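Peer 1: Below is model_5.cif; it holds mmCIF, C-alpha atoms.
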```
data_entry
#
loop_
_atom_site.group_PDB
_atom_site.id
_atom_site.type_symbol
_atom_site.label_atom_id
_atom_site.label_comp_id
_atom_site.auth_asym_id
_atom_site.auth_seq_id
_atom_site.Cartn_x
_atom_site.Cartn_y
_atom_site.Cartn_z
ATOM 1 C CA MET A 1 87.779 100.385 84.619
ATOM 2 C CA SER A 2 86.567 98.297 87.530
ATOM 3 C CA ARG A 3 85.767 100.084 90.777
ATOM 4 C CA GLY A 4 88.600 100.625 93.183
ATOM 5 C CA LYS A 5 91.706 100.601 90.970
ATOM 6 C CA THR A 6 94.747 102.258 92.507
ATOM 7 C CA LEU A 7 97.877 103.860 91.063
ATOM 8 C CA PHE A 8 100.720 104.822 93.392
ATOM 9 C CA ILE A 9 102.857 107.781 92.286
ATOM 10 C CA THR A 10 106.346 108.033 93.740
ATOM 11 C CA GLY A 11 109.428 109.962 92.688
ATOM 12 C CA THR A 12 113.172 109.726 92.413
ATOM 13 C CA ASP A 13 113.446 112.499 94.995
ATOM 14 C CA THR A 14 111.693 115.469 96.572
ATOM 15 C CA GLY A 15 110.682 117.978 93.901
ATOM 16 C CA ALA A 16 110.661 115.371 91.129
ATOM 17 C CA GLY A 17 107.215 116.409 89.920
ATOM 18 C CA LYS A 18 104.917 113.906 91.661
ATOM 19 C CA THR A 19 102.171 116.380 92.454
ATOM 20 C CA VAL A 20 102.156 117.904 88.971
ATOM 21 C CA LEU A 21 101.997 114.442 87.401
ATOM 22 C CA THR A 22 99.256 113.334 89.802
ATOM 23 C CA ALA A 23 97.263 116.488 89.052
ATOM 24 C CA LEU A 24 97.606 116.020 85.283
ATOM 25 C CA LEU A 25 96.472 112.396 85.514
ATOM 26 C CA LEU A 26 93.565 113.326 87.776
ATOM 27 C CA ALA A 27 92.435 116.086 85.412
ATOM 28 C CA HIS A 28 92.730 113.741 82.430
ATOM 29 C CA LEU A 29 90.764 110.919 84.052
ATOM 30 C CA ARG A 30 87.971 113.223 85.152
ATOM 31 C CA SER A 31 87.802 114.841 81.711
ATOM 32 C CA GLN A 32 87.204 111.338 80.318
ATOM 33 C CA GLY A 33 84.295 110.758 82.664
ATOM 34 C CA VAL A 34 86.182 108.500 85.090
ATOM 35 C CA ASN A 35 85.185 108.829 88.736
ATOM 36 C CA ALA A 36 88.746 109.486 89.890
ATOM 37 C CA LEU A 37 90.095 110.852 93.153
ATOM 38 C CA ALA A 38 93.582 111.676 94.414
ATOM 39 C CA MET A 39 95.059 111.545 97.882
ATOM 40 C CA LYS A 40 98.378 112.292 99.534
ATOM 41 C CA PRO A 41 98.453 110.160 102.692
ATOM 42 C CA ILE A 42 101.432 111.958 104.233
ATOM 43 C CA CYS A 43 102.489 115.569 103.790
ATOM 44 C CA THR A 44 105.160 117.491 105.683
ATOM 45 C CA GLY A 45 105.582 121.247 105.538
ATOM 46 C CA PRO A 46 103.183 123.530 103.624
ATOM 47 C CA ARG A 47 100.050 121.868 102.275
ATOM 48 C CA SER A 48 100.412 123.382 98.796
ATOM 49 C CA ASP A 49 100.408 119.944 97.128
ATOM 50 C CA VAL A 50 97.158 119.128 98.894
ATOM 51 C CA ARG A 51 95.625 122.430 97.770
ATOM 52 C CA LEU A 52 96.475 121.814 94.113
ATOM 53 C CA LEU A 53 94.983 118.321 94.073
ATOM 54 C CA GLN A 54 91.947 119.421 96.064
ATOM 55 C CA SER A 55 91.254 122.175 93.523
ATOM 56 C CA LEU A 56 90.592 119.419 90.968
ATOM 57 C CA GLN A 57 88.154 117.523 93.206
ATOM 58 C CA ARG A 58 86.672 120.433 95.088
ATOM 59 C CA GLY A 59 84.176 119.526 97.791
ATOM 60 C CA GLU A 60 84.445 115.761 97.321
ATOM 61 C CA LEU A 61 86.963 115.037 100.068
ATOM 62 C CA SER A 62 87.926 116.889 103.207
ATOM 63 C CA ASP A 63 91.603 117.761 103.604
ATOM 64 C CA ASP A 64 91.884 115.211 106.404
ATOM 65 C CA GLU A 65 90.395 112.457 104.240
ATOM 66 C CA MET A 66 92.652 113.308 101.342
ATOM 67 C CA ASN A 67 95.706 113.924 103.545
ATOM 68 C CA PRO A 68 95.221 112.085 106.866
ATOM 69 C CA PHE A 69 98.805 112.567 108.104
ATOM 70 C CA TRP A 70 100.003 116.176 107.984
ATOM 71 C CA TYR A 71 103.007 117.497 109.878
ATOM 72 C CA GLN A 72 104.006 121.145 109.678
ATOM 73 C CA THR A 73 107.776 120.635 109.826
ATOM 74 C CA PRO A 74 109.203 120.104 106.292
ATOM 75 C CA VAL A 75 111.396 117.085 107.032
ATOM 76 C CA ALA A 76 111.199 113.327 106.502
ATOM 77 C CA PRO A 77 107.917 111.927 107.916
ATOM 78 C CA ILE A 78 109.688 109.781 110.526
ATOM 79 C CA VAL A 79 111.238 112.966 111.942
ATOM 80 C CA ALA A 80 108.187 115.220 111.473
ATOM 81 C CA ALA A 81 105.901 112.769 113.295
ATOM 82 C CA LYS A 82 108.329 112.108 116.150
ATOM 83 C CA ASP A 83 106.372 114.094 118.760
ATOM 84 C CA SER A 84 102.927 113.599 117.232
ATOM 85 C CA LEU A 85 100.232 111.531 118.911
ATOM 86 C CA ARG A 86 99.159 110.302 115.461
ATOM 87 C CA LYS A 87 101.975 108.531 113.690
ATOM 88 C CA PRO A 88 101.668 106.739 110.340
ATOM 89 C CA THR A 89 101.532 102.954 110.518
ATOM 90 C CA LEU A 90 101.033 100.493 107.702
ATOM 91 C CA ALA A 91 97.584 99.594 109.030
ATOM 92 C CA ARG A 92 96.498 103.236 109.235
ATOM 93 C CA LEU A 93 97.837 104.031 105.772
ATOM 94 C CA ASN A 94 96.115 100.985 104.299
ATOM 95 C CA LYS A 95 92.815 101.938 105.898
ATOM 96 C CA SER A 96 92.974 105.526 104.620
ATOM 97 C CA VAL A 97 93.566 104.257 101.079
ATOM 98 C CA GLN A 98 90.877 101.584 101.287
ATOM 99 C CA VAL A 99 88.218 104.054 102.455
ATOM 100 C CA LEU A 100 88.761 106.288 99.436
ATOM 101 C CA ARG A 101 89.274 103.425 96.980
ATOM 102 C CA GLU A 102 85.719 102.303 97.710
ATOM 103 C CA ARG A 103 84.400 105.741 96.754
ATOM 104 C CA CYS A 104 85.811 105.934 93.229
ATOM 105 C CA ASP A 105 86.775 103.999 90.119
ATOM 106 C CA MET A 106 90.397 105.136 90.175
ATOM 107 C CA LEU A 107 92.391 106.361 93.153
ATOM 108 C CA LEU A 108 95.716 108.124 92.639
ATOM 109 C CA VAL A 109 97.924 107.865 95.725
ATOM 110 C CA GLU A 110 100.839 110.291 95.841
ATOM 111 C CA GLY A 111 103.744 109.505 98.131
ATOM 112 C CA ALA A 112 105.992 112.043 99.850
ATOM 113 C CA GLY A 113 109.576 112.098 98.606
ATOM 114 C CA GLY A 114 111.024 108.924 97.122
ATOM 115 C CA LEU A 115 110.191 105.242 97.422
ATOM 116 C CA MET A 116 112.427 104.581 100.437
ATOM 117 C CA VAL A 117 111.686 107.670 102.506
ATOM 118 C CA PRO A 118 111.333 106.548 106.164
ATOM 119 C CA LEU A 119 107.740 107.019 107.369
ATOM 120 C CA ALA A 120 108.043 105.344 110.756
ATOM 121 C CA LYS A 121 110.240 102.746 112.425
ATOM 122 C CA LYS A 122 110.909 99.970 109.878
ATOM 123 C CA LEU A 123 108.384 101.497 107.451
ATOM 124 C CA THR A 124 108.956 103.176 104.070
ATOM 125 C CA TRP A 125 106.629 103.637 101.092
ATOM 126 C CA GLU A 126 107.782 100.196 99.954
ATOM 127 C CA GLY A 127 105.658 98.624 102.666
ATOM 128 C CA LEU A 128 102.499 100.331 101.454
ATOM 129 C CA VAL A 129 103.241 99.570 97.796
ATOM 130 C CA LYS A 130 103.707 95.868 98.557
ATOM 131 C CA SER A 131 100.550 95.824 100.667
ATOM 132 C CA LEU A 132 98.410 97.548 98.024
ATOM 133 C CA GLU A 133 99.749 95.340 95.205
ATOM 134 C CA CYS A 134 99.028 98.149 92.761
ATOM 135 C CA PRO A 135 100.842 99.616 89.733
ATOM 136 C CA VAL A 136 103.484 102.261 90.459
ATOM 137 C CA LEU A 137 104.435 105.328 88.436
ATOM 138 C CA VAL A 138 107.778 107.011 89.098
ATOM 139 C CA ALA A 139 108.042 110.755 88.477
ATOM 140 C CA ALA A 140 111.472 112.210 87.739
ATOM 141 C CA LYS A 141 112.771 115.640 86.848
ATOM 142 C CA ASN A 142 114.363 115.481 83.393
ATOM 143 C CA GLN A 143 117.854 116.656 84.235
ATOM 144 C CA LEU A 144 121.449 115.502 84.582
ATOM 145 C CA GLY A 145 121.645 112.647 87.094
ATOM 146 C CA VAL A 146 118.151 111.274 86.509
ATOM 147 C CA ILE A 147 119.418 108.111 84.788
ATOM 148 C CA ASN A 148 121.199 106.826 87.894
ATOM 149 C CA HIS A 149 118.351 107.768 90.246
ATOM 150 C CA GLY A 150 115.797 106.374 87.830
ATOM 151 C CA LEU A 151 117.458 103.014 87.297
ATOM 152 C CA LEU A 152 117.984 102.559 91.032
ATOM 153 C CA THR A 153 114.285 103.179 91.688
ATOM 154 C CA ILE A 154 113.177 100.889 88.845
ATOM 155 C CA ASN A 155 115.521 98.160 90.090
ATOM 156 C CA ARG A 156 114.129 98.475 93.597
ATOM 157 C CA LEU A 157 110.538 98.136 92.361
ATOM 158 C CA GLN A 158 111.507 94.963 90.544
ATOM 159 C CA THR A 159 113.299 93.637 93.631
ATOM 160 C CA ILE A 160 110.217 94.025 95.851
ATOM 161 C CA GLY A 161 108.038 92.286 93.277
ATOM 162 C CA VAL A 162 106.004 95.106 91.739
ATOM 163 C CA LYS A 163 104.556 93.699 88.506
ATOM 164 C CA ARG A 164 103.362 96.832 86.714
ATOM 165 C CA PHE A 165 105.185 100.138 86.779
ATOM 166 C CA GLY A 166 106.231 103.011 84.559
ATOM 167 C CA PHE A 167 108.687 105.886 84.611
ATOM 168 C CA CYS A 168 107.843 109.452 83.648
ATOM 169 C CA LEU A 169 110.388 112.153 82.834
ATOM 170 C CA ILE A 170 109.046 115.642 83.447
ATOM 171 C CA ASP A 171 110.605 118.606 81.658
ATOM 172 C CA HIS A 172 111.129 121.726 83.761
ATOM 173 C CA GLY A 173 111.763 124.865 81.753
ATOM 174 C CA ARG A 174 113.270 124.942 78.281
ATOM 175 C CA ILE A 175 115.496 122.155 76.966
ATOM 176 C CA SER A 176 118.724 123.941 76.113
ATOM 177 C CA LYS A 177 119.768 122.434 72.788
ATOM 178 C CA ARG A 178 119.618 119.285 70.702
ATOM 179 C CA GLY A 179 121.933 116.594 72.047
ATOM 180 C CA SER A 180 121.823 117.815 75.656
ATOM 181 C CA SER A 181 121.536 115.320 78.503
ATOM 182 C CA GLU A 182 117.820 116.098 78.815
ATOM 183 C CA MET A 183 117.274 115.020 75.210
ATOM 184 C CA GLU A 184 119.172 111.758 75.735
ATOM 185 C CA ASN A 185 117.659 110.720 79.072
ATOM 186 C CA LEU A 186 114.525 109.211 77.539
ATOM 187 C CA ARG A 187 116.482 107.078 75.078
ATOM 188 C CA ILE A 188 119.026 105.813 77.588
ATOM 189 C CA LEU A 189 116.483 105.063 80.303
ATOM 190 C CA SER A 190 114.393 103.130 77.788
ATOM 191 C CA GLU A 191 117.434 101.056 76.824
ATOM 192 C CA PHE A 192 118.534 100.248 80.378
ATOM 193 C CA SER A 193 115.235 100.008 82.259
ATOM 194 C CA ARG A 194 114.561 96.326 81.499
ATOM 195 C CA LYS A 195 111.148 96.616 79.838
ATOM 196 C CA CYS A 196 109.871 99.385 82.107
ATOM 197 C CA PRO A 197 107.886 101.788 79.887
ATOM 198 C CA VAL A 198 109.371 105.291 79.940
ATOM 199 C CA PHE A 199 107.243 108.359 79.204
ATOM 200 C CA LYS A 200 107.879 112.088 78.999
ATOM 201 C CA ILE A 201 105.786 115.116 79.907
ATOM 202 C CA PRO A 202 106.852 118.354 78.152
ATOM 203 C CA SER A 203 107.483 121.559 80.059
ATOM 204 C CA MET A 204 104.416 123.445 81.239
ATOM 205 C CA GLY A 205 106.298 126.720 81.026
ATOM 206 C CA SER A 206 107.528 129.039 83.737
ATOM 207 C CA GLY A 207 105.565 130.314 86.704
ATOM 208 C CA ARG A 208 103.504 128.712 89.429
ATOM 209 C CA VAL A 209 101.549 125.579 88.580
ATOM 210 C CA ASN A 210 97.881 126.184 89.378
ATOM 211 C CA LEU A 211 94.474 124.785 88.456
ATOM 212 C CA GLU A 212 94.243 126.687 85.174
ATOM 213 C CA LYS A 213 97.705 125.574 84.042
ATOM 214 C CA ILE A 214 96.954 121.936 84.913
ATOM 215 C CA LYS A 215 93.696 121.961 82.954
ATOM 216 C CA ALA A 216 95.258 123.625 79.918
ATOM 217 C CA SER A 217 98.269 121.273 79.949
ATOM 218 C CA GLN A 218 96.065 118.218 80.406
ATOM 219 C CA LYS A 219 94.405 119.003 77.100
ATOM 220 C CA LYS A 220 97.766 119.427 75.342
ATOM 221 C CA PHE A 221 99.229 116.252 76.842
ATOM 222 C CA LYS A 222 96.094 114.140 76.419
ATOM 223 C CA LYS A 223 97.748 111.445 74.298
ATOM 224 C CA SER A 224 100.760 111.069 76.607
ATOM 225 C CA LEU A 225 98.586 110.885 79.724
ATOM 226 C CA ALA A 226 96.418 108.183 78.141
ATOM 227 C CA GLN A 227 99.530 106.156 77.331
ATOM 228 C CA ILE A 228 100.823 106.489 80.892
ATOM 229 C CA LEU A 229 97.535 105.166 82.300
ATOM 230 C CA GLU A 230 97.862 102.005 80.236
ATOM 231 C CA ILE A 231 100.101 100.599 82.988
ATOM 232 C CA VAL A 232 97.102 100.439 85.336
#
```
Give the structure from this file in structure tokens form.
Peer 2:
Amino acid sequence: MSRGKTLFITGTDTGAGKTVLTALLLAHLRSQGVNALAMKPICTGPRSDVRLLQSLQRGELSDDEMNPFWYQTPVAPIVAAKDSLRKPTLARLNKSVQVLRERCDMLLVEGAGGLMVPLAKKLTWEGLVKSLECPVLVAAKNQLGVINHGLLTINRLQTIGVKRFGFCLIDHGRISKRGSSEMENLRILSEFSRKCPVFKIPSMGSGRVNLEKIKASQKKFKKSLAQILEIV
């Protein structure tokens, strides 16, 4: 891998599994000897996502380097930053990514919410994705309704000219029975996604996702994670 590659991780919605997927990819890359880092440029509400990712790269980045725009109110960034003196702009977001990209071989950039979440006036994550010209990975919770949300997101990426992207279904909990919607989502999305590669990450079990669970799951999902990274 050449120095400074970037992968942007977005989701179909809040709670889709972006942070878990980013953490698994970060753990996998570092286990393979890749000098990889992760950042979350914007975070609103509790900084738990930041803490999880930072636990995998402890001491290498400050919280403000890894997460330069943090707002305590858990709402859309454009609302959370309304009264802040430091609002996200495309130039500021680009600079924060560029600084870290120069310090590693692979930078994972996790967005907040979905692709079209408003960050500031006339600015969504689309603007940053187009500016970075990097591959995009979409995280989605494997549940009823994901096909519609997934295809809309994939279609939007194609519309704005993203050349390389993938879609990752993430199982949460136990799949109920053979033939359920969760079992069919992978097949249907693959058929309708117009050559977008579709992947799946099995359930990591119940309970809080922490450093130990990420490291253990990364070993179990090694093959799948390697396949996902082929889009980069």
Peer 1: By how many Å are CA of Glu65 in chain A and CA of Leu229 in chain A apart?
Peer 2: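 Value for the CA of Glu65 in chain A-CA of Leu229 in chain A distance: 24.2 Å.
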Peer 1: Let me make sure I understand: among A:Gly4, A:Pro46, A:Pro202, A:Gly207, which one has the smallest atom-to-atom distance to Asn142 in chain A if we use all atoms listed in the file?
Peer 2: A:Pro202
Peer 1: Give me the result of the PyMOL selection byres ((chain A and resi 82-98) around 9) on this file, residue by residue, as a ChimeraX atom specification.
Peer 2: /A:4,6,39,41-42,65-69,71,77-81,99-103,107,109,119-121,123,127-128,131-132
Peer 1: Can you spit out the residues from that selection as a PDB file, keeping the file's coordinate frame, using C-alpha atoms?
Peer 2:
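What ended up in out.pdb:
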```
ATOM      1  CA  GLY A   4      88.600 100.625  93.183  1.00  0.00           C
ATOM      2  CA  THR A   6      94.747 102.258  92.507  1.00  0.00           C
ATOM      3  CA  MET A  39      95.059 111.545  97.882  1.00  0.00           C
ATOM      4  CA  PRO A  41      98.453 110.160 102.692  1.00  0.00           C
ATOM      5  CA  ILE A  42     101.432 111.958 104.233  1.00  0.00           C
ATOM      6  CA  GLU A  65      90.395 112.457 104.240  1.00  0.00           C
ATOM      7  CA  MET A  66      92.652 113.308 101.342  1.00  0.00           C
ATOM      8  CA  ASN A  67      95.706 113.924 103.545  1.00  0.00           C
ATOM      9  CA  PRO A  68      95.221 112.085 106.866  1.00  0.00           C
ATOM     10  CA  PHE A  69      98.805 112.567 108.104  1.00  0.00           C
ATOM     11  CA  TYR A  71     103.007 117.497 109.878  1.00  0.00           C
ATOM     12  CA  PRO A  77     107.917 111.927 107.916  1.00  0.00           C
ATOM     13  CA  ILE A  78     109.688 109.781 110.526  1.00  0.00           C
ATOM     14  CA  VAL A  79     111.238 112.966 111.942  1.00  0.00           C
ATOM     15  CA  ALA A  80     108.187 115.220 111.473  1.00  0.00           C
ATOM     16  CA  ALA A  81     105.901 112.769 113.295  1.00  0.00           C
ATOM     17  CA  VAL A  99      88.218 104.054 102.455  1.00  0.00           C
ATOM     18  CA  LEU A 100      88.761 106.288  99.436  1.00  0.00           C
ATOM     19  CA  ARG A 101      89.274 103.425  96.980  1.00  0.00           C
ATOM     20  CA  GLU A 102      85.719 102.303  97.710  1.00  0.00           C
ATOM     21  CA  ARG A 103      84.400 105.741  96.754  1.00  0.00           C
ATOM     22  CA  LEU A 107      92.391 106.361  93.153  1.00  0.00           C
ATOM     23  CA  VAL A 109      97.924 107.865  95.725  1.00  0.00           C
ATOM     24  CA  LEU A 119     107.740 107.019 107.369  1.00  0.00           C
ATOM     25  CA  ALA A 120     108.043 105.344 110.756  1.00  0.00           C
ATOM     26  CA  LYS A 121     110.240 102.746 112.425  1.00  0.00           C
ATOM     27  CA  LEU A 123     108.384 101.497 107.451  1.00  0.00           C
ATOM     28  CA  GLY A 127     105.658  98.624 102.666  1.00  0.00           C
ATOM     29  CA  LEU A 128     102.499 100.331 101.454  1.00  0.00           C
ATOM     30  CA  SER A 131     100.550  95.824 100.667  1.00  0.00           C
ATOM     31  CA  LEU A 132      98.410  97.548  98.024  1.00  0.00           C
TER      32      LEU A 132
END
```
Peer 1: When you draw a straight line from CA of Thr14 in chain A to CA of Gly114 in chain A, how long is it in Å?
Peer 2: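 So the answer is 6.6 Å.
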Peer 1: For the file shown, what are the residues hit by the PyMOL selection byres ((chain A and resi 193) around 12), laid out as JSON, numbers by chain?
Peer 2: {"A": [147, 148, 149, 150, 151, 152, 153, 154, 155, 156, 157, 158, 165, 166, 167, 185, 186, 187, 188, 189, 190, 191, 192, 194, 195, 196, 197, 198, 199]}
Peer 1: Choose the residue, out of A:Lys141, A:Lys18, A:Arg164, A:Lys200, that has the smallest atom-to-atom separation from Leu115 in chain A; count only C-alpha atoms.
Peer 2: A:Lys18
Peer 1: Can you tell me how far CA of Glu126 in chain A sits from CA of Glu184 in chain A, in Å to one decimal?
Peer 2: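 So the two atoms, CA of Glu126 in chain A and CA of Glu184 in chain A, lie 29.2 Å apart.
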Peer 1: Build an axis-aligned box that encloses every atom of range 190-204 of chain A listed in the file, pad it by 5 Å on each side, and report its centre and edge lengths in Å to one decimal, as lines of an AutoDock Vina configuration file.
Peer 2:
```
center_x = 111.5
center_y = 109.9
center_z = 79.5
size_x = 24.1
size_y = 37.1
size_z = 15.4
```
Peer 1: So, with all atoms listed in the file as the atoms that count, which of A:Val50, A:Val117, A:Ala76, A:Leu108 lies closest to Leu137 in chain A?
Peer 2: A:Leu108
Peer 1: So which one's closest to Lys163 in chain A, A:Ser224, A:Gly15, A:Ile231, A:Met116? Using all atoms listed in the file, please.
Peer 2: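 Result for the nearest residue to Lys163 in chain A: A:Ile231.
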Peer 1: So, counting only C-alpha atoms, which residue among A:Ile214, A:Ala16, A:Cys134, A:Leu53 is closest to Leu169 in chain A?
Peer 2: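 Counting only C-alpha atoms, the residue closest to Leu169 in chain A is A:Ala16.
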